[in-house]
Every structure is written in C-alpha cells, then in structure tokens.
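work_35.pdb follows; it contains PDB, N, CA and C atoms.
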```pdb
ATOM      1  N   ALA D 297      29.194  -5.319   6.846
ATOM      2  CA  ALA D 297      29.048  -3.930   6.431
ATOM      3  C   ALA D 297      27.623  -3.672   5.969
ATOM      4  N   LYS D 298      27.169  -2.469   6.142
ATOM      5  CA  LYS D 298      25.800  -2.110   5.788
ATOM      6  C   LYS D 298      25.515  -2.345   4.310
ATOM      7  N   SER D 299      26.482  -2.159   3.452
ATOM      8  CA  SER D 299      26.289  -2.353   2.011
ATOM      9  C   SER D 299      26.065  -3.812   1.646
ATOM     10  N   GLU D 300      26.412  -4.731   2.526
ATOM     11  CA  GLU D 300      26.253  -6.167   2.270
ATOM     12  C   GLU D 300      24.930  -6.719   2.809
ATOM     13  N   TRP D 301      24.156  -5.910   3.509
ATOM     14  CA  TRP D 301      22.889  -6.366   4.053
ATOM     15  C   TRP D 301      21.931  -6.708   2.924
ATOM     16  N   ARG D 302      21.160  -7.787   3.093
ATOM     17  CA  ARG D 302      20.192  -8.197   2.080
ATOM     18  C   ARG D 302      18.848  -7.500   2.272
ATOM     19  N   VAL D 303      18.565  -7.067   3.479
ATOM     20  CA  VAL D 303      17.303  -6.395   3.786
ATOM     21  C   VAL D 303      17.614  -5.065   4.459
ATOM     22  N   HIS D 304      16.927  -4.032   4.002
ATOM     23  CA  HIS D 304      17.092  -2.707   4.597
ATOM     24  C   HIS D 304      15.739  -2.222   5.084
ATOM     25  N   ARG D 305      15.706  -1.659   6.231
ATOM     26  CA  ARG D 305      14.473  -1.130   6.804
ATOM     27  C   ARG D 305      14.456   0.378   6.621
ATOM     28  N   LEU D 306      13.323   0.875   6.135
ATOM     29  CA  LEU D 306      13.143   2.307   5.966
ATOM     30  C   LEU D 306      12.128   2.793   6.978
ATOM     31  N   LEU D 307      12.456   3.827   7.696
ATOM     32  CA  LEU D 307      11.535   4.401   8.670
ATOM     33  C   LEU D 307      10.803   5.564   8.021
ATOM     34  N   PHE D 308       9.478   5.473   8.006
ATOM     35  CA  PHE D 308       8.662   6.539   7.456
ATOM     36  C   PHE D 308       8.181   7.435   8.580
ATOM     37  N   ALA D 309       7.852   8.654   8.227
ATOM     38  CA  ALA D 309       7.349   9.598   9.208
ATOM     39  C   ALA D 309       6.000   9.107   9.732
ATOM     40  N   PRO D 310       5.878   8.790  11.019
ATOM     41  CA  PRO D 310       4.638   8.205  11.541
ATOM     42  C   PRO D 310       3.466   9.180  11.569
ATOM     43  N   ASN D 311       3.722  10.445  11.662
ATOM     44  CA  ASN D 311       2.642  11.428  11.778
ATOM     45  C   ASN D 311       2.549  12.342  10.563
ATOM     46  N   ALA D 312       3.045  11.868   9.429
ATOM     47  CA  ALA D 312       2.999  12.663   8.204
ATOM     48  C   ALA D 312       2.555  11.770   7.047
ATOM     49  N   PRO D 313       1.237  11.522   6.904
ATOM     50  CA  PRO D 313       0.761  10.631   5.855
ATOM     51  C   PRO D 313       1.134  11.088   4.447
ATOM     52  N   ASP D 314       1.344  12.391   4.268
ATOM     53  CA  ASP D 314       1.739  12.889   2.954
ATOM     54  C   ASP D 314       3.150  12.457   2.579
ATOM     55  N   GLN D 315       3.945  12.003   3.556
ATOM     56  CA  GLN D 315       5.307  11.528   3.288
ATOM     57  C   GLN D 315       5.414  10.009   3.311
ATOM     58  N   ASN D 316       4.346   9.326   3.699
ATOM     59  CA  ASN D 316       4.383   7.888   3.902
ATOM     60  C   ASN D 316       3.721   7.176   2.719
ATOM     61  N   PRO D 317       4.492   6.450   1.893
ATOM     62  CA  PRO D 317       3.909   5.797   0.713
ATOM     63  C   PRO D 317       2.925   4.685   1.058
ATOM     64  N   THR D 318       2.978   4.134   2.257
ATOM     65  CA  THR D 318       2.019   3.090   2.617
ATOM     66  C   THR D 318       0.603   3.658   2.702
ATOM     67  N   GLU D 319       0.488   4.927   3.039
ATOM     68  CA  GLU D 319      -0.831   5.567   3.073
ATOM     69  C   GLU D 319      -1.434   5.619   1.674
ATOM     70  N   ASP D 320      -0.611   5.863   0.663
ATOM     71  CA  ASP D 320      -1.089   5.878  -0.718
ATOM     72  C   ASP D 320      -1.556   4.490  -1.143
ATOM     73  N   CYS D 321      -0.850   3.469  -0.707
ATOM     74  CA  CYS D 321      -1.243   2.095  -1.032
ATOM     75  C   CYS D 321      -2.587   1.758  -0.411
ATOM     76  N   ARG D 322      -2.762   2.108   0.841
ATOM     77  CA  ARG D 322      -4.045   1.852   1.509
ATOM     78  C   ARG D 322      -5.184   2.600   0.831
ATOM     79  N   LEU D 323      -4.944   3.852   0.465
ATOM     80  CA  LEU D 323      -5.977   4.654  -0.185
ATOM     81  C   LEU D 323      -6.369   4.038  -1.525
ATOM     82  N   LYS D 324      -5.384   3.585  -2.281
ATOM     83  CA  LYS D 324      -5.678   2.974  -3.578
ATOM     84  C   LYS D 324      -6.474   1.683  -3.394
ATOM     85  N   ALA D 325      -6.132   0.898  -2.388
ATOM     86  CA  ALA D 325      -6.866  -0.338  -2.107
ATOM     87  C   ALA D 325      -8.285  -0.035  -1.637
ATOM     88  N   LYS D 326      -8.443   1.002  -0.822
ATOM     89  CA  LYS D 326      -9.793   1.374  -0.359
ATOM     90  C   LYS D 326     -10.648   1.868  -1.529
ATOM     91  N   ASN D 327     -10.053   2.589  -2.454
ATOM     92  CA  ASN D 327     -10.795   3.034  -3.635
ATOM     93  C   ASN D 327     -11.208   1.839  -4.494
ATOM     94  N   HIS D 328     -10.350   0.826  -4.549
ATOM     95  CA  HIS D 328     -10.679  -0.415  -5.252
ATOM     96  C   HIS D 328     -11.907  -1.059  -4.605
ATOM     97  N   LEU D 329     -11.941  -1.075  -3.277
ATOM     98  CA  LEU D 329     -13.100  -1.610  -2.557
ATOM     99  C   LEU D 329     -14.369  -0.841  -2.894
ATOM    100  N   ARG D 330     -14.258   0.473  -2.934
ATOM    101  CA  ARG D 330     -15.425   1.302  -3.226
ATOM    102  C   ARG D 330     -15.994   1.007  -4.611
ATOM    103  N   LYS D 331     -15.089   0.754  -5.575
ATOM    104  CA  LYS D 331     -15.530   0.455  -6.937
ATOM    105  C   LYS D 331     -16.246  -0.893  -7.011
ATOM    106  N   HIS D 332     -15.935  -1.793  -6.104
ATOM    107  CA  HIS D 332     -16.500  -3.142  -6.132
ATOM    108  C   HIS D 332     -17.477  -3.385  -4.975
ATOM    109  N   ILE D 333     -18.066  -2.329  -4.460
ATOM    110  CA  ILE D 333     -18.920  -2.430  -3.275
ATOM    111  C   ILE D 333     -20.137  -3.328  -3.512
ATOM    112  N   LEU D 334     -20.692  -3.309  -4.704
ATOM    113  CA  LEU D 334     -21.885  -4.110  -4.967
ATOM    114  C   LEU D 334     -21.572  -5.605  -5.095
ATOM    115  N   GLN D 335     -20.342  -5.934  -5.411
ATOM    116  CA  GLN D 335     -19.953  -7.344  -5.557
ATOM    117  C   GLN D 335     -19.685  -8.006  -4.211
ATOM    118  N   ASN D 336     -19.402  -7.216  -3.197
ATOM    119  CA  ASN D 336     -19.040  -7.755  -1.888
ATOM    120  C   ASN D 336     -20.272  -7.776  -0.985
ATOM    121  N   GLN D 337     -20.860  -8.936  -0.843
ATOM    122  CA  GLN D 337     -22.078  -9.082  -0.059
ATOM    123  C   GLN D 337     -21.791  -9.388   1.411
ATOM    124  N   THR D 338     -20.622  -9.939   1.707
ATOM    125  CA  THR D 338     -20.283 -10.314   3.078
ATOM    126  C   THR D 338     -18.970  -9.652   3.474
ATOM    127  N   PHE D 339     -18.705  -9.671   4.770
ATOM    128  CA  PHE D 339     -17.441  -9.120   5.258
ATOM    129  C   PHE D 339     -16.260  -9.921   4.714
ATOM    130  N   ALA D 340     -16.406 -11.232   4.628
ATOM    131  CA  ALA D 340     -15.334 -12.084   4.102
ATOM    132  C   ALA D 340     -15.010 -11.724   2.651
ATOM    133  N   GLN D 341     -16.037 -11.442   1.860
ATOM    134  CA  GLN D 341     -15.808 -11.039   0.473
ATOM    135  C   GLN D 341     -15.113  -9.680   0.411
ATOM    136  N   THR D 342     -15.478  -8.794   1.312
ATOM    137  CA  THR D 342     -14.846  -7.475   1.363
ATOM    138  C   THR D 342     -13.369  -7.594   1.716
ATOM    139  N   VAL D 343     -13.062  -8.432   2.690
ATOM    140  CA  VAL D 343     -11.663  -8.654   3.080
ATOM    141  C   VAL D 343     -10.888  -9.245   1.918
ATOM    142  N   GLN D 344     -11.472 -10.220   1.224
ATOM    143  CA  GLN D 344     -10.789 -10.838   0.093
ATOM    144  C   GLN D 344     -10.567  -9.835  -1.037
ATOM    145  N   CYS D 345     -11.540  -8.963  -1.263
ATOM    146  CA  CYS D 345     -11.404  -7.932  -2.286
ATOM    147  C   CYS D 345     -10.263  -6.977  -1.938
ATOM    148  N   PHE D 346     -10.155  -6.626  -0.667
ATOM    149  CA  PHE D 346      -9.077  -5.744  -0.211
ATOM    150  C   PHE D 346      -7.719  -6.409  -0.430
ATOM    151  N   LYS D 347      -7.624  -7.694  -0.104
ATOM    152  CA  LYS D 347      -6.375  -8.434  -0.329
ATOM    153  C   LYS D 347      -6.061  -8.525  -1.813
ATOM    154  N   ASN D 348      -7.083  -8.772  -2.616
ATOM    155  CA  ASN D 348      -6.873  -8.873  -4.061
ATOM    156  C   ASN D 348      -6.371  -7.553  -4.641
ATOM    157  N   ALA D 349      -6.805  -6.451  -4.073
ATOM    158  CA  ALA D 349      -6.365  -5.145  -4.566
ATOM    159  C   ALA D 349      -4.845  -5.040  -4.519
ATOM    160  N   PHE D 350      -4.244  -5.567  -3.469
ATOM    161  CA  PHE D 350      -2.791  -5.480  -3.346
ATOM    162  C   PHE D 350      -2.084  -6.399  -4.341
ATOM    163  N   ASN D 351      -2.761  -7.424  -4.809
ATOM    164  CA  ASN D 351      -2.173  -8.324  -5.802
ATOM    165  C   ASN D 351      -2.426  -7.865  -7.230
ATOM    166  N   GLU D 352      -3.530  -7.169  -7.449
ATOM    167  CA  GLU D 352      -3.938  -6.799  -8.809
ATOM    168  C   GLU D 352      -3.479  -5.412  -9.238
ATOM    169  N   LEU D 353      -3.430  -4.478  -8.306
ATOM    170  CA  LEU D 353      -3.116  -3.095  -8.654
ATOM    171  C   LEU D 353      -1.612  -2.863  -8.706
ATOM    172  N   GLN D 354      -1.238  -1.829  -9.435
ATOM    173  CA  GLN D 354       0.163  -1.416  -9.464
ATOM    174  C   GLN D 354       0.330  -0.223  -8.545
ATOM    175  N   PHE D 355       1.347  -0.290  -7.721
ATOM    176  CA  PHE D 355       1.616   0.781  -6.770
ATOM    177  C   PHE D 355       2.951   1.417  -7.144
ATOM    178  N   ASP D 356       2.869   2.466  -7.917
ATOM    179  CA  ASP D 356       4.066   3.178  -8.362
ATOM    180  C   ASP D 356       3.832   4.660  -8.096
ATOM    181  N   PHE D 357       4.279   5.101  -6.945
ATOM    182  CA  PHE D 357       4.050   6.485  -6.535
ATOM    183  C   PHE D 357       5.357   7.262  -6.597
ATOM    184  N   ASN D 358       5.262   8.517  -6.946
ATOM    185  CA  ASN D 358       6.453   9.362  -7.037
ATOM    186  C   ASN D 358       7.198   9.436  -5.711
ATOM    187  N   LYS D 359       6.460   9.421  -4.607
ATOM    188  CA  LYS D 359       7.129   9.578  -3.322
ATOM    189  C   LYS D 359       7.982   8.353  -2.959
ATOM    190  N   LEU D 360       7.771   7.221  -3.621
ATOM    191  CA  LEU D 360       8.649   6.071  -3.371
ATOM    192  C   LEU D 360      10.088   6.401  -3.764
ATOM    193  N   GLN D 361      10.246   7.281  -4.739
ATOM    194  CA  GLN D 361      11.590   7.664  -5.189
ATOM    195  C   GLN D 361      12.336   8.456  -4.116
ATOM    196  N   TRP D 362      11.603   9.044  -3.183
ATOM    197  CA  TRP D 362      12.247   9.819  -2.119
ATOM    198  C   TRP D 362      13.144   8.925  -1.261
ATOM    199  N   TYR D 363      12.821   7.653  -1.182
ATOM    200  CA  TYR D 363      13.487   6.767  -0.241
ATOM    201  C   TYR D 363      14.552   5.875  -0.874
ATOM    202  N   PHE D 364      14.765   6.027  -2.176
ATOM    203  CA  PHE D 364      15.786   5.200  -2.835
ATOM    204  C   PHE D 364      16.846   6.038  -3.470
TER     205      PHE D 364
END
```
Take the structure from the file and write it as structure tokens.
Amino acid sequence: AKSEWRVHRLLFAPNAPDQNPTEDCRLKAKNHLRKHILQNQTFAQTVQCFKNAFNELQFDFNKLQWYF
C-alpha cells in the first residue's frame, strides 16, 4: 500500500521556479558563493564552497510546506 512506502517522490513544476523549492536551495547556495568569492581562488575551491553551502546552511522555506 502507498502508506507503507518508505520513500515518496514529489514531482515539482518543471517550468515554474516560483513553485519549486529546489530553486530556492540553489539560490541560497549561490548567494553563499558570492559572499565567499574572495576566498575561492580556484575552480576546485569554488566547487567545494558550493558543496559546503548545502551542508552548512539551513534550508527552511515556506513553500516546502506546500508539499507535505
């Protein structure tokens, strides 16, 4: 039964970034990169900074409530 599934997939609107919470996550991570632009001297450092943003920042957006 669907209620017993351990993983549920949510389909977001592909052409409506204002409805897609992943767009907010990317924007927040990109803003994190912009704040640390002087610390990232190489592309590898920039990539690592982007990855770190997803581990360090909190992503709690109101639109996430739309899907639960």
Edge lengths and centre in Å to one decimal, as JSON, of the axis-aligned box that encloses all listed atoms of range 297-305 of chain D with 4 Å added on every side?
```
{"center_x": 21.8, "center_y": -3.9, "center_z": 4.2, "size_x": 22.7, "size_y": 16.6, "size_z": 13.2}
```
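Atom C of Gln361 in chain D is positioned 29.3 Å from atom C of Arg330 in chain D.
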Would you mind telling me which residue in D:Gln335, D:Arg305, D:Lys298, D:Asp320 lies nearest to Phe355 in chain D when using all atoms listed in the file?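 Smallest separation from Phe355 in chain D among the options: D:Asp320.
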Could you tell me which residues the PyMOL selection byres (((chain D and resi 321-325 and name CA) around 8) and name CA) grabs in this file, written as JSON, numbers by chain? {"D": [317, 318, 319, 320, 326, 327, 328, 329, 346, 349, 350, 355]}
Alpha helix (DSSP H) per DSSP on the backbone: members of chain D, as a ChimeraX atom specification: /D:317-331,339-352
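Between atom N of Asn348 in chain D and atom C of Ile333 in chain D lies a distance of 14.2 Å.
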Would you kindly return, as a list of chain:residue names, each protein, DNA or RNA residue with an atom no farther than 12 Å from any atom of Phe308 in chain D, considering only C-alpha atoms and excluding same-chain residues fewer than 6 positions away?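 The residues that qualify are D:Asp314, D:Gln315, D:Asn316, D:Pro317, D:Thr318, D:Glu319, D:Lys359, D:Leu360, D:Trp362, D:Tyr363.
You will find CA of Lys331 in chain D at 13.0 Å from CA of Leu353 in chain D.
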Which is closer to Cys345 in chain D than all the others in D:Pro310, D:Phe357, D:His304, D:His332, using only N, CA and C atoms?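 For Cys345 in chain D, the nearest of the given residues is D:His332.
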Starting from the block above, write chain D out to a file with C-alpha atoms, as a JSON list (two decimals), in the first residue's frame, please.
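Listing of selection01.json after writing:
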```json
[["chain", "number", "residue", "atom", "x", "y", "z"],
["D", 297, "ALA", "CA", 0.00, 0.00, 0.00],
["D", 298, "LYS", "CA", 1.14, 3.54, -0.69],
["D", 299, "SER", "CA", 1.01, 4.42, 3.02],
["D", 300, "GLU", "CA", 3.64, 1.73, 3.73],
["D", 301, "TRP", "CA", 6.20, 3.09, 1.25],
["D", 302, "ARG", "CA", 9.45, 4.25, 2.86],
["D", 303, "VAL", "CA", 10.30, 6.70, 0.07],
["D", 304, "HIS", "CA", 7.92, 9.07, -1.67],
["D", 305, "ARG", "CA", 8.72, 11.01, -4.80],
["D", 306, "LEU", "CA", 7.36, 14.51, -5.23],
["D", 307, "LEU", "CA", 7.05, 15.99, -8.69],
["D", 308, "PHE", "CA", 7.71, 19.72, -8.84],
["D", 309, "ALA", "CA", 6.55, 22.01, -11.58],
["D", 310, "PRO", "CA", 9.44, 21.94, -14.10],
["D", 311, "ASN", "CA", 8.69, 25.32, -15.65],
["D", 312, "ALA", "CA", 7.65, 27.23, -12.53],
["D", 313, "PRO", "CA", 10.71, 28.10, -10.40],
["D", 314, "ASP", "CA", 8.50, 30.07, -8.02],
["D", 315, "GLN", "CA", 6.82, 26.76, -7.07],
["D", 316, "ASN", "CA", 9.97, 24.63, -6.96],
["D", 317, "PRO", "CA", 11.80, 24.64, -3.58],
["D", 318, "THR", "CA", 15.00, 23.30, -5.16],
["D", 319, "GLU", "CA", 15.38, 26.64, -6.94],
["D", 320, "ASP", "CA", 15.42, 28.38, -3.55],
["D", 321, "CYS", "CA", 18.12, 26.00, -2.34],
["D", 322, "ARG", "CA", 20.29, 26.69, -5.37],
["D", 323, "LEU", "CA", 19.81, 30.44, -4.99],
["D", 324, "LYS", "CA", 20.80, 30.32, -1.33],
["D", 325, "ALA", "CA", 23.90, 28.28, -2.17],
["D", 326, "LYS", "CA", 24.84, 30.67, -4.99],
["D", 327, "ASN", "CA", 24.49, 33.62, -2.61],
["D", 328, "HIS", "CA", 26.79, 31.77, -0.20],
["D", 329, "LEU", "CA", 29.33, 31.51, -3.03],
["D", 330, "ARG", "CA", 29.05, 35.22, -3.74],
["D", 331, "LYS", "CA", 29.77, 36.04, -0.09],
["D", 332, "HIS", "CA", 32.92, 33.90, -0.19],
["D", 333, "ILE", "CA", 34.15, 34.90, -3.65],
["D", 334, "LEU", "CA", 37.49, 36.23, -2.41],
["D", 335, "GLN", "CA", 38.30, 33.00, -0.55],
["D", 336, "ASN", "CA", 37.85, 30.83, -3.64],
["D", 337, "GLN", "CA", 40.95, 31.18, -5.79],
["D", 338, "THR", "CA", 40.43, 28.07, -7.94],
["D", 339, "PHE", "CA", 37.50, 26.31, -9.55],
["D", 340, "ALA", "CA", 38.01, 23.36, -7.18],
["D", 341, "GLN", "CA", 37.70, 25.68, -4.18],
["D", 342, "THR", "CA", 34.55, 27.19, -5.66],
["D", 343, "VAL", "CA", 33.00, 23.75, -6.15],
["D", 344, "GLN", "CA", 33.90, 22.77, -2.59],
["D", 345, "CYS", "CA", 32.41, 26.01, -1.26],
["D", 346, "PHE", "CA", 29.18, 25.29, -3.15],
["D", 347, "LYS", "CA", 29.05, 21.78, -1.66],
["D", 348, "ASN", "CA", 29.77, 23.14, 1.80],
["D", 349, "ALA", "CA", 26.86, 25.55, 1.46],
["D", 350, "PHE", "CA", 24.46, 22.62, 1.33],
["D", 351, "ASN", "CA", 25.99, 21.16, 4.50],
["D", 352, "GLU", "CA", 26.29, 24.40, 6.46],
["D", 353, "LEU", "CA", 23.16, 26.37, 5.60],
["D", 354, "GLN", "CA", 19.63, 25.73, 6.77],
["D", 355, "PHE", "CA", 17.02, 25.35, 4.08],
["D", 356, "ASP", "CA", 13.62, 26.01, 5.59],
["D", 357, "PHE", "CA", 11.35, 27.63, 3.05],
["D", 358, "ASN", "CA", 7.63, 28.26, 3.41],
["D", 359, "LYS", "CA", 6.93, 26.64, 0.06],
["D", 360, "LEU", "CA", 8.22, 23.30, 1.38],
["D", 361, "GLN", "CA", 5.01, 23.18, 3.43],
["D", 362, "TRP", "CA", 3.01, 23.14, 0.19],
["D", 363, "TYR", "CA", 4.16, 19.58, -0.47],
["D", 364, "PHE", "CA", 3.60, 17.99, 2.93]]
```
